[in-house]
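Okay, coords_4.txt is below, compact mmCIF, C-alpha atoms:
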# COMPACT_ATOMS: atom_id res chain seq x y z
CA MET A 1 -16.81 -16.73 18.38
CA ASN A 2 -20.44 -16.85 19.34
CA SER A 3 -20.39 -15.14 22.71
CA GLU A 4 -20.40 -11.37 22.86
CA SER A 5 -18.95 -11.47 26.37
CA ASN A 6 -15.74 -13.12 25.14
CA ALA A 7 -14.99 -10.45 22.54
CA SER A 8 -12.53 -7.74 23.44
CA LYS A 9 -12.88 -5.82 20.17
CA ARG A 10 -15.78 -5.12 17.84
CA ILE A 11 -16.16 -4.11 14.22
CA VAL A 12 -19.49 -2.76 13.01
CA ILE A 13 -20.72 -2.94 9.39
CA PHE A 14 -23.26 -0.57 7.86
CA GLU A 15 -24.53 -2.37 4.75
CA ASP A 16 -28.16 -2.00 3.69
CA THR A 17 -28.31 -4.89 1.19
CA PRO A 18 -29.00 -8.16 3.09
CA GLU A 19 -27.30 -10.46 0.56
CA LYS A 20 -24.12 -8.39 0.45
CA LEU A 21 -24.15 -7.96 4.22
CA SER A 22 -24.35 -11.71 4.73
CA GLU A 23 -21.47 -12.37 2.32
CA PHE A 24 -19.33 -9.58 3.74
CA LYS A 25 -19.84 -10.61 7.36
CA LYS A 26 -19.15 -14.26 6.56
CA GLU A 27 -15.81 -13.33 4.95
CA LEU A 28 -14.79 -11.16 7.90
CA ASP A 29 -15.81 -13.82 10.42
CA LYS A 30 -13.50 -16.29 8.68
CA LEU A 31 -10.62 -13.82 8.70
CA PHE A 32 -10.99 -13.15 12.44
CA ALA A 33 -11.79 -16.75 13.44
CA ASP A 34 -8.65 -17.02 15.58
CA ASP A 35 -8.72 -13.51 17.03
CA LEU A 36 -10.65 -11.88 19.87
CA VAL A 37 -12.62 -9.83 17.38
CA GLU A 38 -16.33 -9.96 16.67
CA VAL A 39 -18.02 -8.54 13.59
CA TYR A 40 -21.57 -7.21 13.80
CA ASP A 41 -23.90 -5.55 11.38
CA PHE A 42 -25.53 -2.45 12.77
CA ASN A 43 -29.06 -3.88 12.57
CA THR A 44 -28.26 -6.94 14.66
CA LEU A 45 -26.02 -5.35 17.26
CA TYR A 46 -28.41 -2.52 18.05
CA SER A 47 -31.75 -4.17 17.23
CA ASP A 48 -33.03 -3.41 20.73
CA LYS A 49 -32.27 0.29 20.31
CA LYS A 50 -33.75 1.06 16.89
CA GLU A 51 -37.28 2.12 17.85
CA LYS A 52 -37.32 4.87 15.24
CA LEU A 53 -34.33 6.52 16.89
CA PHE A 54 -33.14 7.78 13.53
CA LYS A 55 -36.33 9.23 12.11
CA GLN A 56 -35.67 12.73 13.38
CA SER A 57 -32.74 13.90 11.31
CA GLU A 58 -31.66 16.70 13.65
CA LYS A 59 -30.93 14.15 16.40
CA ILE A 60 -29.28 11.42 14.35
CA HIS A 61 -25.74 12.46 15.21
CA ASP A 62 -26.26 12.56 18.97
CA LYS A 63 -28.20 9.31 19.09
CA LEU A 64 -25.69 7.40 17.00
CA LYS A 65 -22.87 8.82 19.11
CA SER A 66 -24.52 7.59 22.30
CA ILE A 67 -24.73 4.08 20.83
CA PHE A 68 -21.09 4.14 19.69
CA GLU A 69 -20.01 5.31 23.15
CA ASP A 70 -21.72 2.41 24.92
CA PRO A 71 -19.01 1.08 27.32
CA ALA A 72 -20.56 -2.40 27.13
CA ALA A 73 -19.85 -2.56 23.39
CA PRO A 74 -16.59 -0.74 22.57
CA ILE A 75 -16.15 -0.31 18.83
CA GLU A 76 -12.68 -0.48 17.28
CA MET A 77 -13.58 0.11 13.61
CA VAL A 78 -16.57 0.89 11.41
CA ILE A 79 -17.09 -0.28 7.82
CA VAL A 80 -19.63 1.66 5.74
CA ASP A 81 -21.27 1.26 2.35
CA LEU A 82 -21.35 4.78 0.91
CA ASP A 83 -24.92 4.21 -0.31
CA LEU A 84 -27.29 3.37 2.56
CA SER A 85 -30.49 4.38 0.80
CA GLN A 86 -32.10 0.96 1.31
CA TYR A 87 -32.24 1.25 5.09
CA ARG A 88 -35.95 1.36 5.90
CA ASP A 89 -36.16 1.45 9.70
CA TYR A 90 -34.27 4.70 10.11
CA ASP A 91 -32.79 7.59 8.21
CA ILE A 92 -29.02 7.36 8.48
CA SER A 93 -26.26 8.15 6.01
CA GLU A 94 -22.50 7.79 5.58
CA PRO A 95 -21.74 11.48 6.36
CA VAL A 96 -23.45 11.18 9.75
CA ILE A 97 -21.61 7.95 10.57
CA SER A 98 -18.31 9.48 9.46
CA ASN A 99 -18.86 12.55 11.59
CA VAL A 100 -19.57 10.45 14.67
CA CYS A 101 -16.52 8.25 14.08
CA ASP A 102 -14.38 11.34 13.62
CA SER A 103 -15.64 12.84 16.88
CA LEU A 104 -14.93 9.63 18.81
CA GLY A 105 -11.64 8.61 17.22
CA ILE A 106 -12.99 5.42 15.61
CA PRO A 107 -11.34 4.36 12.31
CA ILE A 108 -13.74 4.13 9.39
CA CYS A 109 -13.46 2.34 6.04
CA MET A 110 -15.83 3.12 3.18
CA TYR A 111 -16.75 1.35 -0.04
CA SER A 112 -19.50 1.58 -2.63
CA ARG A 113 -21.00 -1.30 -4.56
CA GLN A 114 -23.35 0.92 -6.55
CA THR A 115 -20.91 3.00 -8.58
CA ASP A 116 -18.04 2.25 -10.91
CA GLU A 117 -15.66 4.52 -9.08
CA SER A 118 -12.54 5.37 -11.05
CA GLU A 119 -9.02 5.71 -9.74
CA LEU A 120 -9.28 9.40 -10.57
CA GLU A 121 -12.18 9.82 -8.14
CA ARG A 122 -10.42 7.85 -5.42
CA ILE A 123 -7.34 10.04 -5.75
CA ARG A 124 -9.40 13.22 -5.78
CA ASN A 125 -11.21 12.11 -2.62
CA TRP A 126 -8.23 11.05 -0.50
CA SER A 127 -8.63 12.17 3.08
CA ASP A 128 -7.13 12.21 6.57
CA ARG A 129 -10.52 11.34 8.08
CA HIS A 130 -11.36 7.98 6.47
CA ILE A 131 -10.14 5.23 4.15
CA VAL A 132 -11.94 4.61 0.87
CA LEU A 133 -11.42 1.15 -0.61
CA ASP A 134 -11.42 0.22 -4.28
CA SER A 135 -14.96 -1.05 -4.81
CA ASN A 136 -14.19 -2.54 -8.23
CA GLN A 137 -13.27 -5.90 -6.70
CA PRO A 138 -15.02 -8.85 -5.03
CA LEU A 139 -16.42 -8.40 -1.54
CA SER A 140 -14.09 -11.16 -0.35
CA LYS A 141 -11.09 -9.03 -1.30
CA ILE A 142 -12.57 -5.91 0.27
CA ALA A 143 -13.14 -7.93 3.44
CA GLY A 144 -9.49 -9.03 3.42
CA GLN A 145 -8.37 -5.43 3.07
CA CYS A 146 -10.64 -4.35 5.93
CA ALA A 147 -9.12 -7.05 8.13
CA ASP A 148 -5.59 -5.90 7.31
CA ILE A 149 -6.54 -2.28 7.91
CA PHE A 150 -8.04 -3.21 11.30
CA LYS A 151 -4.81 -4.98 12.25
CA GLY A 152 -2.84 -1.93 11.11
CA PHE A 153 -4.80 0.44 13.35
CA GLN A 154 -4.48 -1.99 16.25
CA SER A 155 -0.70 -2.18 15.82
CA ILE A 156 -0.47 1.63 15.83
CA LYS A 157 -2.55 1.83 19.00
CA GLU A 158 -0.44 -0.79 20.77
CA GLU A 159 2.85 0.79 19.70
CA PHE A 160 1.58 4.22 20.70
CA LYS A 161 0.87 2.93 24.21
CA THR A 162 4.49 1.82 24.61
CA ILE A 163 6.01 5.16 23.64
CA GLU A 164 3.41 7.77 24.63
CA GLY A 165 4.56 9.81 27.60
CA LYS A 166 8.25 9.59 26.78
CA SER A 167 9.09 13.29 26.94
CA SER A 168 12.28 12.85 24.95
CA LEU A 169 10.31 11.86 21.84
CA GLY A 170 9.12 14.62 19.54
CA PRO A 171 6.31 14.11 16.99
CA MET A 172 8.67 12.99 14.22
CA ASP A 173 10.48 10.61 16.56
CA LEU A 174 7.16 9.06 17.48
CA ILE A 175 6.09 8.74 13.84
CA SER A 176 9.42 7.19 12.85
CA ARG A 177 9.15 4.66 15.68
CA ILE A 178 5.67 3.58 14.63
CA LEU A 179 6.69 3.34 10.97
CA LYS A 180 9.81 1.39 12.01
CA ALA A 181 11.72 3.74 9.73
CA PRO A 182 15.42 3.20 9.00
CA GLU A 183 17.96 5.83 9.91
CA GLY A 184 17.93 8.65 7.37
CA ALA A 185 14.30 8.20 6.25
CA GLU A 186 13.00 10.92 8.58
CA ALA A 187 14.26 13.66 6.27
CA LEU A 188 11.78 12.52 3.61
CA ILE A 189 9.02 11.45 5.99
CA VAL A 190 8.72 15.01 7.29
CA HIS A 191 7.73 16.19 3.81
CA TYR A 192 4.62 14.03 4.05
CA THR A 193 3.53 15.80 7.22
CA THR A 194 3.25 19.28 5.71
CA GLY A 195 0.16 20.79 4.12
CA TYR A 196 -2.78 18.39 4.15
CA PHE A 197 -1.33 16.33 7.01
CA SER A 198 0.12 19.16 9.08
CA LEU A 199 -1.94 17.94 12.04
CA MET A 200 0.59 15.15 12.47
CA THR A 201 3.23 17.61 13.65
CA GLN A 202 0.96 19.26 16.20
CA ARG A 203 0.19 18.16 19.72
CA LEU A 204 -3.41 17.17 20.36
CA GLY A 205 -4.77 18.72 23.55
CA ASP A 206 -4.52 16.69 26.74
CA PRO A 207 -3.11 13.14 27.03
CA GLU A 208 -6.56 11.53 26.82
CA GLN A 209 -7.23 13.32 23.52
CA ARG A 210 -3.85 12.26 22.15
CA ASN A 211 -4.35 8.63 23.16
CA ARG A 212 -7.73 8.49 21.45
CA PHE A 213 -7.17 10.48 18.27
CA PHE A 214 -3.49 10.47 17.38
CA PRO A 215 -3.24 6.74 16.52
CA VAL A 216 -6.29 7.02 14.25
CA LEU A 217 -5.10 10.18 12.49
CA LEU A 218 -1.66 8.64 12.11
CA GLY A 219 -3.20 5.51 10.60
CA TYR A 220 -5.11 7.52 8.01
CA TRP A 221 -1.96 9.45 7.19
CA ILE A 222 0.16 6.32 6.74
CA TYR A 223 -2.43 4.57 4.58
CA ASN A 224 -3.69 7.50 2.52
CA SER A 225 -0.44 9.37 2.05
CA VAL A 226 2.85 7.61 2.82
CA LEU A 227 1.89 4.22 1.38
CA ARG A 228 -0.32 5.49 -1.40
CA PHE A 229 2.08 7.93 -3.02
CA PRO A 230 5.59 6.48 -3.52
CA GLY A 231 8.50 8.48 -2.25
CA VAL A 232 9.99 7.48 1.08
CA LEU A 233 8.28 4.10 0.61
CA LEU A 234 7.94 2.28 -2.72
CA ASN A 235 5.22 -0.25 -3.47
CA GLU A 236 5.93 -3.31 -5.63
CA THR A 237 5.56 -1.54 -8.96
CA ALA A 238 7.33 1.62 -7.82
CA ALA A 239 10.19 -0.39 -6.31
CA ALA A 240 10.63 -2.41 -9.50
CA SER A 241 10.60 0.77 -11.56
CA TYR A 242 13.14 2.46 -9.29
CA LEU A 243 15.41 -0.60 -9.36
CA ASP A 244 15.03 -0.91 -13.15
CA ILE A 245 13.65 -4.43 -12.88
CA ASP A 246 10.70 -5.73 -14.89
CA VAL A 247 7.59 -5.44 -12.69
CA GLU A 248 6.32 -8.99 -13.17
CA PHE A 249 9.81 -10.40 -12.71
CA PHE A 250 10.13 -8.48 -9.44
CA LYS A 251 6.66 -9.41 -8.19
CA ASN A 252 6.86 -13.12 -8.98
CA ASN A 253 10.51 -13.93 -8.24
CA ARG A 254 10.98 -14.92 -4.61
CA GLU A 255 14.77 -14.82 -4.86
CA VAL A 256 14.71 -11.22 -6.07
CA LYS A 257 12.46 -10.09 -3.24
CA ASP A 258 14.59 -11.97 -0.72
CA ALA A 259 17.64 -10.08 -1.99
CA PHE A 260 15.99 -6.81 -0.94
CA GLU A 261 14.36 -8.17 2.23
CA GLU A 262 16.40 -5.94 4.55
CA SER A 263 14.73 -2.86 3.09
CA ARG A 264 11.16 -4.15 3.32
CA TYR A 265 8.61 -2.02 5.17
CA ARG A 266 7.32 -3.74 8.33
CA GLY A 267 5.14 -1.00 9.78
CA PRO A 268 1.33 -0.64 9.88
CA PHE A 269 -0.62 -1.90 6.84
CA HIS A 270 2.41 -3.69 5.37
CA GLU A 271 0.25 -6.74 4.62
CA ILE A 272 -2.18 -4.84 2.42
CA MET A 273 0.47 -2.66 0.74
CA PRO A 274 3.84 -4.47 0.46
CA SER A 275 6.48 -1.75 0.23
CA TRP A 276 10.22 -1.09 0.50
CA TRP A 277 12.11 1.81 2.07
CA LYS A 278 13.82 3.82 -0.67
CA ASP A 279 16.71 4.64 1.66
CA GLY A 280 16.99 0.94 2.49
CA LEU A 281 17.25 0.02 -1.18
CA ASP A 282 19.88 2.72 -1.68
CA ASP A 283 21.88 1.36 1.25
CA LEU A 284 21.89 -2.13 -0.22
CA LEU A 285 22.94 -0.90 -3.66
CA SER A 286 25.68 1.27 -2.17
CA GLU A 287 27.50 -1.94 -1.27
CA ILE A 288 28.28 -2.50 -4.95
CA ASP A 289 31.74 -1.34 -5.99
CA ILE A 290 31.53 -0.11 -9.58
CA GLU A 291 35.09 -0.04 -10.85
CA SER A 292 34.37 1.32 -14.31
CA GLU A 293 31.56 2.88 -16.29
CA THR A 294 28.86 0.41 -17.18
CA GLU A 295 25.39 0.53 -18.67
CA ILE A 296 24.27 -2.31 -16.45
CA PRO A 297 21.87 -1.04 -13.73
CA VAL A 298 23.41 -1.16 -10.25
CA SER A 299 20.50 -3.27 -9.00
CA HIS A 300 21.33 -5.90 -11.63
CA LEU A 301 24.95 -5.98 -10.47
CA TYR A 302 23.72 -6.37 -6.92
CA LEU A 303 21.47 -9.29 -7.87
CA LYS A 304 24.26 -10.86 -9.91
CA GLN A 305 26.33 -11.02 -6.74
CA LYS A 306 23.41 -12.91 -5.22
CA GLY A 307 23.54 -15.44 -8.06
CA ILE A 308 20.56 -14.04 -9.96
CA GLU A 309 21.21 -13.64 -13.71
CA LYS A 310 19.25 -12.54 -16.80
CA ILE A 311 17.24 -9.80 -15.18
CA PRO A 312 14.80 -8.02 -17.51
CA ARG A 313 14.69 -4.25 -17.18
CA ALA A 314 11.68 -2.16 -16.26
CA ARG A 315 9.82 -0.56 -19.14
CA CYS A 316 8.23 2.86 -19.30
CA GLU A 317 4.63 2.02 -20.16
CA GLU A 318 4.09 5.44 -21.70
CA GLY A 319 7.15 5.58 -23.92
CA ASP A 320 7.40 1.81 -24.45
CA HIS A 321 11.13 1.70 -23.85
CA GLU A 322 13.50 0.19 -21.33
CA GLY A 323 14.18 2.20 -18.20
CA ALA A 324 11.56 3.93 -16.05
CA GLY A 325 12.36 4.98 -12.49
CA PHE A 326 9.01 6.44 -11.47
CA TYR A 327 5.38 5.45 -10.82
CA CYS A 328 2.19 6.78 -12.41
CA ILE A 329 -0.43 7.20 -9.68
CA ILE A 330 -3.27 6.93 -12.23
CA THR A 331 -2.26 3.88 -14.29
CA LYS A 332 -0.18 2.35 -11.45
CA LYS A 333 2.55 1.50 -13.93
CA PRO A 334 6.24 2.42 -14.37
CA VAL A 335 7.03 5.65 -16.21
CA CYS A 336 10.15 7.65 -16.97
CA ALA A 337 10.72 11.33 -16.27
CA ASP A 338 10.45 12.30 -19.95
CA HIS A 339 7.03 10.73 -20.40
CA SER A 340 5.40 11.95 -17.18
CA THR A 341 4.82 14.99 -15.01
CA GLY A 342 5.94 15.30 -11.39
CA ASN A 343 5.96 17.94 -8.64
CA ILE A 344 2.17 17.82 -8.53
CA ALA A 345 0.96 20.47 -6.11
CA TRP A 346 -1.76 18.47 -4.37
CA LEU A 347 0.45 15.46 -3.65
CA PRO A 348 2.55 15.21 -0.47
CA GLN A 349 5.89 16.95 -0.95
CA GLY A 350 7.71 13.74 -0.09
CA ALA A 351 6.08 11.75 -2.90
CA ILE A 352 9.09 12.26 -5.17
CA HIS A 353 8.54 9.04 -7.16
CA SER A 354 4.83 9.70 -7.81
CA ARG A 355 4.03 11.14 -11.21
CA ILE A 356 1.28 11.19 -13.85
CA CYS A 357 2.08 9.80 -17.29
CA SER A 358 1.83 12.24 -20.18
CA SER A 359 -1.31 10.79 -21.79
CA LYS A 360 -3.27 10.86 -18.52
CA TRP A 361 -1.97 14.32 -17.72
CA ASP A 362 -3.33 15.59 -21.04
CA GLU A 363 -6.60 13.69 -20.63
CA LEU A 364 -7.34 14.57 -17.01
CA GLY A 365 -5.87 18.06 -16.88
CA PRO A 366 -9.27 19.83 -16.96
CA TRP A 367 -10.45 17.76 -13.97
CA PHE A 368 -7.54 18.90 -11.85
CA GLY A 369 -7.34 22.43 -13.21
CA PHE A 370 -3.90 21.92 -14.74

Can you dump the structure from the file as structure tokens?
Amino acid sequence: MNSESNASKRIVIFEDTPEKLSEFKKELDKLFADDLVEVYDFNTLYSDKKEKLFKQSEKIHDKLKSIFEDPAAPIEMVIVDLDLSQYRDYDISEPVISNVCDSLGIPICMYSRQTDESELERIRNWSDRHIVLDSNQPLSKIAGQCADIFKGFQSIKEEFKTIEGKSSLGPMDLISRILKAPEGAEALIVHYTTGYFSLMTQRLGDPEQRNRFFPVLLGYWIYNSVLRFPGVLLNETAAASYLDIDVEFFKNNREVKDAFEESRYRGPFHEIMPSWWKDGLDDLLSEIDIESETEIPVSHLYLKQKGIEKIPRARCEEGDHEGAGFYCIITKKPVCADHSTGNIAWLPQGAIHSRICSSKWDELGPWFGF
């Protein structure tokens, strides 16, 4: 897509290293080749408006906001390198960009290529105002994640348009509709909306405010909370652990995944974070009639009925034994209750399958004030 006039949606990149910018933009252009989406770097898109606009720090916010609000160039998402120190034409930083995006209801993704950010730091910095991507991966993969995140926000916006204004729908009804949640999941979903994400259960001002901000806030909440911390939804590793199936066997066996297809999550961001509804898995396993006591996991009996035999069990990576059931949010591996700690105060209350393995709990305790 070479014509700006044909683009209905725009993504803007703030990346101050020319080589990385070129690679990043090229990857995104390929990903959106068949869509009405155009990707611009900030320098190119607003080259006619630079003129030292950003040299006076006290006016940066207002000037950037006026550019973002330009009706001739509506912006649907912003991607930002956390370190913009190499910009020479103007003085602009990630906090200013984030603040402007927050004030306008524009989704923002951040990454840093300058630091070896640990999972600990990413967890400590989770937010309902932006998405921070794992920078310890190739730019091509980060670009793919940005594309999936963009599609996720777009799907929320489109779904929100179809149900907004229906007076019979309360906040939780609306959230459940957008998540495409199965019956019964709402009881656990609501525990993700308390505390840090309490805004999700409040009404946002007038209809125009709701239409602009609610889909974005909801997107952050889904990505940063519901999908990130297993509970109502289980990612691949967490699902395998819960089902007592070896993680690699679960991930790489198409027949096994097909057997649990009915419980797969199909809501926003499902492409970047494949997940399964816990209640959906329970419903499938409830179909198994266990006539007598058995040590065979119910999920294995279920798969046996599907013609799948010789299923290896999940292993607790901390205790090095068969049987796990939970997910360590630091190591991203299966753990059992005896070799991990749960009920972590700063996690969403609904994240009942998210724990920290014993060794990491002991190691990182001082960081979290345990």

Please produce, as JSON lines, a per-residue contact table for segment 279-349 of chain A versus segment 170-182 of chain A (criterion: any atom at most 12 Å away, all atoms listed in the file considered), showing the nearest atom pair and its distance in Å to one decimal, sorted by chain then residue number.
{"residue": "A:Asp279", "atom": "CA", "partner": "A:Pro182", "partner_atom": "CA", "distance": 7.6}
{"residue": "A:Gly280", "atom": "CA", "partner": "A:Pro182", "partner_atom": "CA", "distance": 7.1}
{"residue": "A:Leu281", "atom": "CA", "partner": "A:Pro182", "partner_atom": "CA", "distance": 10.8}
{"residue": "A:Asp282", "atom": "CA", "partner": "A:Pro182", "partner_atom": "CA", "distance": 11.6}
{"residue": "A:Asp283", "atom": "CA", "partner": "A:Pro182", "partner_atom": "CA", "distance": 10.3}

Smallest atom-to-atom distance to Ile344 of chain A: which of A:Met273, A:Ile13, A:Phe229, A:Phe249, using all atoms listed in the file?
-> A:Phe229

Fewer than 3 positions away in the same chain doesn't count, so skip those; otherwise give me all residues within 8 Å of Leu218 of chain A, counting only C-alpha atoms, as a list in words.
->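 After dropping sequence-adjacent residues, the list is Ile175, Met200, Phe214, Pro215, Trp221 and Ile222 of chain A.
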
Quick one: pull the distance between atom CA of Pro348 of chain A and atom CA of Gly231 of chain A, Å, one decimal.
->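 Atom CA of Pro348 of chain A sits 9.2 Å away from atom CA of Gly231 of chain A.
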
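Of the listed residues (A:Val96, A:Leu233, A:Ile142, A:Leu301), A:Leu301 comes nearest to Asp289 of chain A; the distances count all atoms listed in the file.
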
What gap, in Å, lies between atom CA of Ser98 of chain A and atom CA of Val78 of chain A?
->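 For atom CA of Ser98 of chain A relative to atom CA of Val78 of chain A, the distance reads 9.0 Å.
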
Could you name the residues that touch Val80 of chain A at 10 Å or less, counting only C-alpha atoms, but leaving out those on the same chain fewer than 6 positions away, as a ChimeraX atom specification?
-> /A:12-16,93-94,97-98,108-112,132

Requested write-out: C-alpha atoms of the selected residues, as a PDB file, in the coordinates of the input:
ATOM      1  CA  VAL A  12     -19.490  -2.760  13.010  1.00  0.00           C
ATOM      2  CA  ILE A  13     -20.720  -2.940   9.390  1.00  0.00           C
ATOM      3  CA  PHE A  14     -23.260  -0.570   7.860  1.00  0.00           C
ATOM      4  CA  GLU A  15     -24.530  -2.370   4.750  1.00  0.00           C
ATOM      5  CA  ASP A  16     -28.160  -2.000   3.690  1.00  0.00           C
ATOM      6  CA  SER A  93     -26.260   8.150   6.010  1.00  0.00           C
ATOM      7  CA  GLU A  94     -22.500   7.790   5.580  1.00  0.00           C
ATOM      8  CA  ILE A  97     -21.610   7.950  10.570  1.00  0.00           C
ATOM      9  CA  SER A  98     -18.310   9.480   9.460  1.00  0.00           C
ATOM     10  CA  ILE A 108     -13.740   4.130   9.390  1.00  0.00           C
ATOM     11  CA  CYS A 109     -13.460   2.340   6.040  1.00  0.00           C
ATOM     12  CA  MET A 110     -15.830   3.120   3.180  1.00  0.00           C
ATOM     13  CA  TYR A 111     -16.750   1.350  -0.040  1.00  0.00           C
ATOM     14  CA  SER A 112     -19.500   1.580  -2.630  1.00  0.00           C
ATOM     15  CA  VAL A 132     -11.940   4.610   0.870  1.00  0.00           C
TER      16      VAL A 132
END

Could you please determine the separation between atom CA of Pro18 of chain A and atom CA of Gly152 of chain A in Å, to one decimal place?
->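 Computing the Euclidean distance for atom CA of Pro18 of chain A and atom CA of Gly152 of chain A yields 28.1 Å.
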
Could you give me, as JSON, numbers by chain, the residues that sit within 12 Å of (8.1, -9.5, -12.2) in the file's coordinates, counting all atoms listed in the file?
-> {"A": [236, 237, 238, 239, 240, 241, 243, 244, 245, 246, 247, 248, 249, 250, 251, 252, 253, 254, 255, 256, 257, 311, 312, 313, 314, 315]}

For Cys336 of chain A: contacts at 7 Å, only C-alpha atoms, fewer than 5 positions along chain excluded, given as a ChimeraX atom specification | /A:316,323-326

File of the preceding selection, C-alpha atoms, as a compact mmCIF listing (two decimals), in the frame of the given file:
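Okay, this is what ended up in result_6.txt:
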# COMPACT_ATOMS: atom_id res chain seq x y z
CA CYS A 316 8.23 2.86 -19.30
CA GLY A 323 14.18 2.20 -18.20
CA ALA A 324 11.56 3.93 -16.05
CA GLY A 325 12.36 4.98 -12.49
CA PHE A 326 9.01 6.44 -11.47

Residue contacts of Glu271 of chain A (9 Å, all atoms listed in the file) excluding same-chain residues fewer than 4 positions away, as a ChimeraX atom specification = /A:145,148-149,152,266
